file data.cif (mmCIF, C-alpha atoms)
data_structure
#
loop_
_atom_site.group_PDB
_atom_site.id
_atom_site.type_symbol
_atom_site.label_atom_id
_atom_site.label_comp_id
_atom_site.auth_asym_id
_atom_site.auth_seq_id
_atom_site.Cartn_x
_atom_site.Cartn_y
_atom_site.Cartn_z
ATOM 1 C CA MET G 1 -54.696 -262.709 -69.998
ATOM 2 C CA THR G 2 -54.453 -263.350 -66.259
ATOM 3 C CA THR G 3 -50.758 -264.299 -66.204
ATOM 4 C CA LEU G 4 -48.723 -261.338 -65.084
ATOM 5 C CA SER G 5 -45.372 -260.945 -66.812
ATOM 6 C CA GLU G 6 -42.317 -259.918 -64.779
ATOM 7 C CA LYS G 7 -42.616 -256.516 -66.467
ATOM 8 C CA ASP G 8 -46.261 -256.188 -65.339
ATOM 9 C CA LYS G 9 -45.346 -257.132 -61.747
ATOM 10 C CA ASN G 10 -42.516 -254.577 -61.678
ATOM 11 C CA ILE G 11 -44.685 -251.796 -63.066
ATOM 12 C CA VAL G 12 -47.394 -252.536 -60.490
ATOM 13 C CA LYS G 13 -44.946 -252.663 -57.572
ATOM 14 C CA THR G 14 -43.153 -249.469 -58.661
ATOM 15 C CA PHE G 15 -46.398 -247.568 -59.116
ATOM 16 C CA TRP G 16 -47.858 -248.879 -55.855
ATOM 17 C CA ALA G 17 -44.998 -247.270 -53.928
ATOM 18 C CA LYS G 18 -46.727 -243.948 -54.748
ATOM 19 C CA VAL G 19 -49.896 -245.225 -53.066
ATOM 20 C CA ALA G 20 -48.154 -245.729 -49.708
ATOM 21 C CA GLY G 21 -49.714 -243.634 -46.981
ATOM 22 C CA ARG G 22 -52.790 -242.821 -49.070
ATOM 23 C CA GLU G 23 -54.462 -246.214 -49.010
ATOM 24 C CA GLU G 24 -57.428 -245.184 -46.871
ATOM 25 C CA GLN G 25 -58.196 -242.069 -48.912
ATOM 26 C CA ILE G 26 -57.907 -243.919 -52.205
ATOM 27 C CA GLY G 27 -59.966 -246.863 -50.926
ATOM 28 C CA CYS G 28 -62.609 -244.507 -49.530
ATOM 29 C CA ASP G 29 -62.850 -242.664 -52.855
ATOM 30 C CA ALA G 30 -63.083 -245.938 -54.825
ATOM 31 C CA VAL G 31 -65.872 -247.367 -52.645
ATOM 32 C CA SER G 32 -67.696 -243.987 -52.675
ATOM 33 C CA ARG G 33 -67.609 -243.954 -56.473
ATOM 34 C CA MET G 34 -68.708 -247.587 -56.695
ATOM 35 C CA LEU G 35 -71.790 -246.919 -54.541
ATOM 36 C CA THR G 36 -72.633 -243.675 -56.399
ATOM 37 C CA VAL G 37 -71.994 -244.746 -59.984
ATOM 38 C CA TYR G 38 -73.267 -248.347 -59.618
ATOM 39 C CA PRO G 39 -76.143 -248.091 -57.106
ATOM 40 C CA GLN G 40 -76.840 -251.816 -57.411
ATOM 41 C CA THR G 41 -73.733 -252.388 -55.245
ATOM 42 C CA LYS G 42 -75.537 -250.748 -52.323
ATOM 43 C CA THR G 43 -77.492 -253.970 -51.904
ATOM 44 C CA TYR G 44 -74.508 -255.494 -50.103
ATOM 45 C CA PHE G 45 -74.280 -252.740 -47.521
ATOM 46 C CA SER G 46 -77.812 -252.246 -46.209
ATOM 47 C CA HIS G 47 -76.449 -252.831 -42.684
ATOM 48 C CA TRP G 48 -74.433 -249.592 -42.851
ATOM 49 C CA LYS G 49 -75.895 -246.474 -41.261
ATOM 50 C CA ASP G 50 -74.603 -244.171 -43.972
ATOM 51 C CA LEU G 51 -73.751 -245.027 -47.582
ATOM 52 C CA SER G 52 -72.946 -241.505 -48.721
ATOM 53 C CA PRO G 53 -69.542 -240.738 -50.297
ATOM 54 C CA GLY G 54 -66.825 -240.360 -47.656
ATOM 55 C CA SER G 55 -68.992 -241.548 -44.736
ATOM 56 C CA ASP G 56 -67.396 -243.406 -41.813
ATOM 57 C CA PRO G 57 -68.423 -246.940 -42.881
ATOM 58 C CA VAL G 58 -67.368 -246.185 -46.488
ATOM 59 C CA ARG G 59 -63.981 -244.863 -45.362
ATOM 60 C CA LYS G 60 -63.389 -247.807 -43.064
ATOM 61 C CA HIS G 61 -64.326 -250.324 -45.744
ATOM 62 C CA GLY G 62 -62.191 -248.547 -48.334
ATOM 63 C CA GLY G 63 -59.230 -248.874 -45.984
ATOM 64 C CA ILE G 64 -59.860 -252.600 -45.480
ATOM 65 C CA VAL G 65 -60.152 -253.250 -49.225
ATOM 66 C CA MET G 66 -57.021 -251.240 -50.074
ATOM 67 C CA ALA G 67 -54.998 -252.997 -47.357
ATOM 68 C CA ALA G 68 -55.900 -256.311 -48.996
ATOM 69 C CA VAL G 69 -55.011 -255.034 -52.492
ATOM 70 C CA THR G 70 -51.702 -253.633 -51.199
ATOM 71 C CA ASP G 71 -50.958 -257.019 -49.635
ATOM 72 C CA ALA G 72 -51.729 -258.673 -52.988
ATOM 73 C CA VAL G 73 -49.187 -256.365 -54.676
ATOM 74 C CA SER G 74 -46.476 -257.993 -52.532
ATOM 75 C CA LYS G 75 -47.685 -261.503 -53.410
ATOM 76 C CA THR G 76 -48.079 -261.385 -57.180
ATOM 77 C CA ASP G 77 -46.245 -264.705 -57.553
ATOM 78 C CA ASP G 78 -49.114 -266.573 -55.876
ATOM 79 C CA LEU G 79 -52.305 -264.541 -55.800
ATOM 80 C CA THR G 80 -54.519 -267.623 -55.463
ATOM 81 C CA GLY G 81 -52.691 -268.719 -52.308
ATOM 82 C CA ALA G 82 -52.518 -265.206 -50.899
ATOM 83 C CA LEU G 83 -56.262 -264.590 -51.401
ATOM 84 C CA LEU G 84 -57.525 -268.025 -50.362
ATOM 85 C CA SER G 85 -59.219 -267.074 -47.107
ATOM 86 C CA LEU G 86 -60.626 -263.856 -48.599
ATOM 87 C CA SER G 87 -62.024 -265.926 -51.450
ATOM 88 C CA GLU G 88 -63.714 -268.252 -48.973
ATOM 89 C CA LEU G 89 -65.144 -265.245 -47.128
ATOM 90 C CA HIS G 90 -66.575 -263.696 -50.297
ATOM 91 C CA ALA G 91 -67.851 -267.029 -51.638
ATOM 92 C CA PHE G 92 -69.449 -268.573 -48.555
ATOM 93 C CA THR G 93 -70.193 -265.777 -46.116
ATOM 94 C CA LEU G 94 -70.570 -262.533 -48.054
ATOM 95 C CA ARG G 95 -71.739 -264.212 -51.280
ATOM 96 C CA VAL G 96 -70.857 -261.198 -53.402
ATOM 97 C CA ASP G 97 -71.596 -261.728 -57.092
ATOM 98 C CA PRO G 98 -68.101 -261.842 -58.627
ATOM 99 C CA ALA G 99 -69.233 -259.483 -61.419
ATOM 100 C CA ASN G 100 -68.892 -256.753 -58.813
ATOM 101 C CA PHE G 101 -65.124 -257.239 -58.519
ATOM 102 C CA LYS G 102 -64.828 -255.754 -62.008
ATOM 103 C CA VAL G 103 -67.034 -252.838 -60.957
ATOM 104 C CA LEU G 104 -64.838 -252.010 -57.955
ATOM 105 C CA SER G 105 -61.691 -252.449 -60.079
ATOM 106 C CA HIS G 106 -62.982 -249.896 -62.596
ATOM 107 C CA ASN G 107 -63.646 -247.361 -59.852
ATOM 108 C CA LEU G 108 -60.212 -247.968 -58.372
ATOM 109 C CA LEU G 109 -58.705 -247.243 -61.796
ATOM 110 C CA VAL G 110 -60.713 -243.985 -61.935
ATOM 111 C CA VAL G 111 -59.389 -242.966 -58.496
ATOM 112 C CA LEU G 112 -55.810 -243.779 -59.499
ATOM 113 C CA SER G 113 -56.429 -241.558 -62.574
ATOM 114 C CA THR G 114 -57.791 -238.612 -60.574
ATOM 115 C CA THR G 115 -55.088 -238.966 -57.900
ATOM 116 C CA PHE G 116 -52.003 -239.570 -60.015
ATOM 117 C CA SER G 117 -53.104 -237.932 -63.298
ATOM 118 C CA ASN G 118 -50.269 -238.032 -65.841
ATOM 119 C CA ASP G 119 -48.368 -240.635 -63.791
ATOM 120 C CA PHE G 120 -51.214 -243.060 -64.540
ATOM 121 C CA THR G 121 -49.876 -243.647 -68.030
ATOM 122 C CA PRO G 122 -51.401 -246.168 -70.465
ATOM 123 C CA GLU G 123 -48.497 -248.516 -69.620
ATOM 124 C CA VAL G 124 -49.265 -248.345 -65.896
ATOM 125 C CA HIS G 125 -53.007 -248.593 -66.631
ATOM 126 C CA VAL G 126 -52.729 -251.869 -68.538
ATOM 127 C CA ALA G 127 -50.430 -253.449 -65.905
ATOM 128 C CA ILE G 128 -52.724 -252.460 -63.017
ATOM 129 C CA ASP G 129 -55.832 -253.539 -64.957
ATOM 130 C CA LYS G 130 -54.231 -256.959 -65.540
ATOM 131 C CA PHE G 131 -53.237 -257.156 -61.872
ATOM 132 C CA LEU G 132 -56.742 -256.275 -60.630
ATOM 133 C CA THR G 133 -58.225 -258.820 -63.058
ATOM 134 C CA ALA G 134 -55.879 -261.467 -61.604
ATOM 135 C CA VAL G 135 -56.878 -260.439 -58.065
ATOM 136 C CA ALA G 136 -60.570 -260.725 -59.000
ATOM 137 C CA LEU G 137 -59.958 -264.168 -60.449
ATOM 138 C CA ALA G 138 -58.141 -265.330 -57.310
ATOM 139 C CA LEU G 139 -60.988 -263.931 -55.222
ATOM 140 C CA SER G 140 -63.493 -265.942 -57.302
ATOM 141 C CA GLU G 141 -61.549 -269.200 -56.881
ATOM 142 C CA LYS G 142 -63.695 -270.772 -54.123
ATOM 143 C CA TYR G 143 -67.102 -269.826 -55.554
ATOM 144 C CA ARG G 144 -67.803 -273.091 -57.361
ATOM 145 C CA MET V 145 -85.169 -242.685 -75.231
ATOM 146 C CA VAL V 146 -82.927 -241.741 -72.334
ATOM 147 C CA LYS V 147 -84.279 -239.032 -70.031
ATOM 148 C CA TRP V 148 -81.937 -236.305 -68.830
ATOM 149 C CA THR V 149 -82.388 -233.953 -65.870
ATOM 150 C CA GLU V 150 -81.170 -230.351 -66.052
ATOM 151 C CA LEU V 151 -78.330 -231.249 -63.694
ATOM 152 C CA GLU V 152 -77.237 -234.114 -65.963
ATOM 153 C CA ARG V 153 -77.294 -231.914 -69.071
ATOM 154 C CA SER V 154 -75.275 -229.159 -67.425
ATOM 155 C CA THR V 155 -72.789 -231.633 -65.897
ATOM 156 C CA VAL V 156 -72.099 -233.322 -69.244
ATOM 157 C CA LYS V 157 -71.638 -229.938 -70.943
ATOM 158 C CA ALA V 158 -69.408 -228.648 -68.124
ATOM 159 C CA ILE V 159 -67.133 -231.694 -68.403
ATOM 160 C CA TRP V 160 -67.057 -231.466 -72.210
ATOM 161 C CA GLU V 161 -66.122 -227.776 -72.133
ATOM 162 C CA LYS V 162 -62.949 -228.688 -70.244
ATOM 163 C CA ILE V 163 -61.858 -231.166 -72.931
ATOM 164 C CA ASP V 164 -59.533 -230.030 -75.728
ATOM 165 C CA ILE V 165 -60.301 -232.529 -78.518
ATOM 166 C CA ASP V 166 -56.878 -232.069 -80.143
ATOM 167 C CA GLU V 167 -55.078 -232.780 -76.869
ATOM 168 C CA VAL V 168 -57.241 -235.508 -75.381
ATOM 169 C CA GLY V 169 -58.366 -237.340 -78.550
ATOM 170 C CA PRO V 170 -54.905 -238.775 -79.295
ATOM 171 C CA GLN V 171 -54.434 -239.718 -75.602
ATOM 172 C CA ILE V 172 -57.720 -241.627 -75.495
ATOM 173 C CA TRP V 173 -57.048 -243.524 -78.695
ATOM 174 C CA ALA V 174 -53.508 -244.507 -77.647
ATOM 175 C CA ARG V 175 -54.896 -245.696 -74.313
ATOM 176 C CA VAL V 176 -57.481 -247.966 -75.997
ATOM 177 C CA LEU V 177 -54.844 -249.606 -78.213
ATOM 178 C CA ILE V 178 -52.387 -250.052 -75.326
ATOM 179 C CA VAL V 179 -54.807 -251.270 -72.651
ATOM 180 C CA TYR V 180 -56.946 -253.422 -74.990
ATOM 181 C CA PRO V 181 -54.473 -254.500 -77.685
ATOM 182 C CA TRP V 182 -56.970 -256.725 -79.513
ATOM 183 C CA THR V 183 -58.648 -253.537 -80.772
ATOM 184 C CA GLU V 184 -55.651 -253.161 -83.078
ATOM 185 C CA ARG V 185 -57.364 -255.696 -85.362
ATOM 186 C CA TYR V 186 -59.324 -252.815 -86.919
ATOM 187 C CA PHE V 187 -56.293 -250.672 -87.692
ATOM 188 C CA GLY V 188 -54.084 -252.727 -89.994
ATOM 189 C CA SER V 189 -53.492 -249.640 -92.132
ATOM 190 C CA PHE V 190 -52.112 -247.570 -89.253
ATOM 191 C CA GLY V 191 -48.540 -248.839 -89.562
ATOM 192 C CA ASP V 192 -46.394 -249.521 -86.502
ATOM 193 C CA LEU V 193 -48.516 -250.410 -83.469
ATOM 194 C CA PHE V 194 -46.116 -253.011 -82.099
ATOM 195 C CA THR V 195 -44.860 -251.166 -79.029
ATOM 196 C CA ILE V 196 -46.302 -248.684 -76.565
ATOM 197 C CA THR V 197 -43.792 -246.081 -77.802
ATOM 198 C CA ALA V 198 -44.822 -246.640 -81.411
ATOM 199 C CA ILE V 199 -48.520 -246.275 -80.548
ATOM 200 C CA LEU V 200 -47.892 -243.054 -78.616
ATOM 201 C CA LYS V 201 -45.962 -241.572 -81.573
ATOM 202 C CA ASN V 202 -48.277 -242.810 -84.332
ATOM 203 C CA ASP V 203 -49.833 -239.929 -86.314
ATOM 204 C CA LYS V 204 -52.744 -242.007 -87.588
ATOM 205 C CA VAL V 205 -53.653 -243.003 -84.014
ATOM 206 C CA ALA V 206 -53.605 -239.342 -83.001
ATOM 207 C CA ALA V 207 -55.694 -238.297 -86.007
ATOM 208 C CA HIS V 208 -58.257 -241.014 -85.375
ATOM 209 C CA GLY V 209 -58.589 -239.967 -81.737
ATOM 210 C CA LYS V 210 -59.580 -236.483 -82.887
ATOM 211 C CA VAL V 211 -62.117 -237.906 -85.371
ATOM 212 C CA VAL V 212 -63.768 -239.972 -82.642
ATOM 213 C CA LEU V 213 -63.979 -237.072 -80.175
ATOM 214 C CA LYS V 214 -65.473 -234.815 -82.844
ATOM 215 C CA ALA V 215 -68.175 -237.474 -83.241
ATOM 216 C CA LEU V 216 -68.711 -237.477 -79.456
ATOM 217 C CA ASP V 217 -69.300 -233.729 -79.676
ATOM 218 C CA LYS V 218 -72.431 -234.564 -81.708
ATOM 219 C CA ALA V 219 -73.767 -236.596 -78.793
ATOM 220 C CA VAL V 220 -73.160 -233.746 -76.322
ATOM 221 C CA ASN V 221 -75.253 -231.495 -78.564
ATOM 222 C CA ASN V 222 -77.965 -234.057 -79.298
ATOM 223 C CA MET V 223 -78.549 -235.778 -75.990
ATOM 224 C CA ASP V 224 -82.261 -236.254 -76.732
ATOM 225 C CA ASN V 225 -81.672 -237.770 -80.157
ATOM 226 C CA MET V 226 -78.682 -239.995 -79.793
ATOM 227 C CA LYS V 227 -80.018 -243.037 -81.630
ATOM 228 C CA ARG V 228 -80.960 -240.945 -84.648
ATOM 229 C CA THR V 229 -77.720 -238.928 -84.477
ATOM 230 C CA TYR V 230 -75.620 -242.117 -84.550
ATOM 231 C CA ALA V 231 -77.745 -244.300 -86.822
ATOM 232 C CA ASP V 232 -75.448 -243.878 -89.839
ATOM 233 C CA LEU V 233 -72.248 -244.273 -87.804
ATOM 234 C CA SER V 234 -73.664 -247.377 -86.150
ATOM 235 C CA GLN V 235 -74.571 -248.833 -89.525
ATOM 236 C CA LEU V 236 -71.061 -248.055 -90.824
ATOM 237 C CA HIS V 237 -69.367 -249.748 -87.844
ATOM 238 C CA PHE V 238 -71.588 -252.813 -88.221
ATOM 239 C CA GLN V 239 -71.839 -253.370 -91.957
ATOM 240 C CA LYS V 240 -68.615 -251.974 -93.332
ATOM 241 C CA LEU V 241 -66.060 -251.768 -90.527
ATOM 242 C CA GLU V 242 -67.351 -254.922 -88.766
ATOM 243 C CA VAL V 243 -66.411 -253.650 -85.311
ATOM 244 C CA ASP V 244 -67.389 -255.716 -82.253
ATOM 245 C CA PRO V 245 -69.730 -253.408 -80.293
ATOM 246 C CA ASP V 246 -68.036 -254.481 -77.060
ATOM 247 C CA SER V 247 -65.199 -252.234 -78.286
ATOM 248 C CA PHE V 248 -67.468 -249.223 -77.775
ATOM 249 C CA ARG V 249 -67.692 -250.081 -74.086
ATOM 250 C CA LEU V 250 -63.893 -250.415 -73.850
ATOM 251 C CA LEU V 251 -63.531 -247.027 -75.558
ATOM 252 C CA ALA V 252 -66.064 -245.478 -73.149
ATOM 253 C CA ASP V 253 -64.043 -246.694 -70.153
ATOM 254 C CA CYS V 254 -60.802 -245.287 -71.634
ATOM 255 C CA ILE V 255 -62.537 -241.950 -72.243
ATOM 256 C CA THR V 256 -63.597 -241.855 -68.587
ATOM 257 C CA ILE V 257 -60.101 -242.745 -67.338
ATOM 258 C CA THR V 258 -58.399 -240.150 -69.586
ATOM 259 C CA ILE V 259 -60.846 -237.461 -68.494
ATOM 260 C CA ALA V 260 -60.293 -238.495 -64.856
ATOM 261 C CA CYS V 261 -56.531 -237.962 -65.334
ATOM 262 C CA LYS V 262 -57.246 -234.508 -66.707
ATOM 263 C CA LEU V 263 -59.978 -233.301 -64.346
ATOM 264 C CA LYS V 264 -58.628 -235.065 -61.229
ATOM 265 C CA SER V 265 -60.828 -234.480 -58.163
ATOM 266 C CA ALA V 266 -63.069 -232.144 -60.187
ATOM 267 C CA LEU V 267 -64.568 -235.394 -61.511
ATOM 268 C CA SER V 268 -66.599 -236.056 -58.359
ATOM 269 C CA PRO V 269 -68.421 -239.381 -57.816
ATOM 270 C CA GLN V 270 -71.682 -237.690 -58.852
ATOM 271 C CA SER V 271 -70.113 -236.234 -62.010
ATOM 272 C CA GLN V 272 -68.593 -239.624 -62.844
ATOM 273 C CA ALA V 273 -72.047 -241.235 -62.500
ATOM 274 C CA ILE V 274 -73.602 -238.681 -64.873
ATOM 275 C CA TRP V 275 -70.710 -238.851 -67.356
ATOM 276 C CA GLN V 276 -70.851 -242.660 -67.472
ATOM 277 C CA LYS V 277 -74.655 -242.565 -67.969
ATOM 278 C CA PHE V 278 -74.018 -240.261 -70.940
ATOM 279 C CA LEU V 279 -71.266 -242.477 -72.393
ATOM 280 C CA TYR V 280 -73.307 -245.662 -72.032
ATOM 281 C CA ALA V 281 -76.168 -243.935 -73.876
ATOM 282 C CA VAL V 282 -73.669 -243.208 -76.672
ATOM 283 C CA VAL V 283 -72.511 -246.862 -76.622
ATOM 284 C CA ASP V 284 -76.145 -247.933 -76.833
ATOM 285 C CA ALA V 285 -76.797 -245.612 -79.796
ATOM 286 C CA MET V 286 -73.652 -246.856 -81.576
ATOM 287 C CA SER V 287 -74.837 -250.462 -81.060
ATOM 288 C CA SER V 288 -78.407 -249.732 -82.210
ATOM 289 C CA GLN V 289 -78.001 -250.761 -85.878
ATOM 290 C CA TYR V 290 -76.337 -254.093 -85.087
ATOM 291 C CA ARG V 291 -79.053 -256.533 -86.051
#

call {"tool": "encode", "arguments": {"input": "data.cif", "output": "structure tokens"}}
result
Amino acid sequence: MTTLSEKDKNIVKTFWAKVAGREEQIGCDAVSRMLTVYPQTKTYFSHWKDLSPGSDPVRKHGGIVMAAVTDAVSKTDDLTGALLSLSELHAFTLRVDPANFKVLSHNLLVVLSTTFSNDFTPEVHVAIDKFLTAVALALSEKYR
Amino acid sequence: MVKWTELERSTVKAIWEKIDIDEVGPQIWARVLIVYPWTERYFGSFGDLFTITAILKNDKVAAHGKVVLKALDKAVNNMDNMKRTYADLSQLHFQKLEVDPDSFRLLADCITITIACKLKSALSPQSQAIWQKFLYAVVDAMSSQYR
């Protein structure tokens, strides 16, 4: 389930071209939704001054996360290698429970739905869901 | 029993009013079968589900989507009584249809995504939180007779 077919990779890359230029807004919206809809995720961000939707720290973090996901889109042939140092960061320094990767992925899918509407077809949805699952797995690599 | 504020009740109803069951039901059901293909195990009698195109054109898929959304309408109108409202349906899905209750969660997520495509930014983070609380209460009620 985590092996991306060539078809999946092409669908993801083609769709992601639409995301270009809107990464920060999309990332901001995804993180805002994650914090609102799944309040338990706030526990990782108690050092932020403001956790409300669209706040400065939320926007900045959304941009950082989306930049990393966009980078992963260009490296689908070796996600484990591409995400190695990020995996170490999340495993040893941030110590984020990997269950939360799925939570953020879901909210990213919701934002892609609200932003791209009918362009976020079931075919695109399944390819992106598989891709985000593979990213989450690569990010979990160094945990244990 | 799940407690609902006035804001939550009105938000769920406001979202539901924007949904045309005949339009969105088929879309939701096709999405479930395409994104989570193992759910096809329950629909051997539906004919051709082998390709995305076939699923999108399948009349039985479309009809079933409408049936499921009509059942969701019951939850919107019985938010304080969901377990009782769905007791028979839950029993049916457990005893007769033998559906894995994890499927209800997958369906809930596809409902949210399809509605997000339709409502776009009108589905604010706060609305999404309320809508998902509602759907997970439905999932809970549908799982209640599995024992």

call {"tool": "closest_atom_pairs", "arguments": {"input": "data.cif", "of": "chain G", "to": "chain V", "cutoff": "8 Å", "atoms": "only C-alpha atoms", "output": "tab-separated table"}}
result
residue	atom	partner	partner_atom	distance
G:Ser32	CA	V:Pro269	CA	6.9
G:Arg33	CA	V:Pro269	CA	4.8
G:Thr36	CA	V:Pro269	CA	6.2
G:Val37	CA	V:Ala273	CA	4.3
G:Tyr38	CA	V:Ala273	CA	7.8
G:Pro53	CA	V:Pro269	CA	7.7
G:Leu109	CA	V:Ile257	CA	7.3
G:Val110	CA	V:Ile257	CA	5.6
G:Val111	CA	V:Ala260	CA	7.8
G:Ser113	CA	V:Cys261	CA	4.5
G:Thr114	CA	V:Lys264	CA	3.7
G:Thr115	CA	V:Lys264	CA	6.2
G:Phe116	CA	V:Cys261	CA	7.2
G:Ser117	CA	V:Cys261	CA	4.0
G:Asn118	CA	V:Cys261	CA	6.3
G:Phe120	CA	V:Cys261	CA	7.4
G:Pro122	CA	V:Arg175	CA	5.2
G:Glu123	CA	V:Ile178	CA	7.1
G:His125	CA	V:Val179	CA	6.8
G:Val126	CA	V:Val179	CA	4.6

call {"tool": "residues_around", "arguments": {"input": "data.cif", "residues": "G:Asp50", "least_positions_apart": "4", "cutoff": "12 Å", "atoms": "all atoms listed in the file", "output": "MDAnalysis selection string"}}
result
chainID G and resid 32 35 42 45:46 54:60

call {"tool": "resolve_selection", "arguments": {"input": "data.cif", "expression": "the PyMOL selection byres ((chain G and resi 76-79) around 12)", "output": "ChimeraX atom specification"}}
result
/G:2-13,68-75,80-87,128,130-141

call {"tool": "resolve_selection", "arguments": {"input": "data.cif", "expression": "the PyMOL selection byres ((chain V and resi 183-193) around 12)", "output": "MDAnalysis selection string"}}
result
chainID V and resid 173:182 194:208 237 240:251

call {"tool": "resolve_selection", "arguments": {"input": "data.cif", "expression": "the PyMOL selection byres ((chain G and resi 102) around 10)", "output": "PyMOL selection string"}}
result
chain G and resi 98-101+103-108+129+132-133+136-137

call {"tool": "atom_distance", "arguments": {"input": "data.cif", "atom1": "atom CA of G:Ala17", "atom2": "atom CA of G:Asp29"}}
result
18.5 Å

call {"tool": "atom_distance", "arguments": {"input": "data.cif", "atom1": "atom CA of V:Ala231", "atom2": "atom CA of V:Tyr290"}}
result
10.0 Å

call {"tool": "residues_around", "arguments": {"input": "data.cif", "residues": "V:Gly169", "least_positions_apart": "3", "cutoff": "6 Å", "atoms": "only C-alpha atoms", "output": "list of chain:residue names"}}
result
V:Ile165, V:Asp166, V:Ile172, V:Gly209, V:Lys210, V:Leu213

call {"tool": "atom_distance", "arguments": {"input": "data.cif", "atom1": "atom CA of V:Tyr280", "atom2": "atom CA of G:Thr41"}}
result
18.1 Å

call {"tool": "closest_residue", "arguments": {"input": "data.cif", "among": "G:Glu88, G:Leu112, G:Gln40, G:Lys49", "to": "G:Gly27", "atoms": "all atoms listed in the file"}}
result
G:Leu112

call {"tool": "residues_around", "arguments": {"input": "data.cif", "residues": "G:Glu24", "least_positions_apart": "5", "cutoff": "9 Å", "atoms": "all atoms listed in the file", "output": "MDAnalysis selection string"}}
result
chainID G and resid 29 59:67
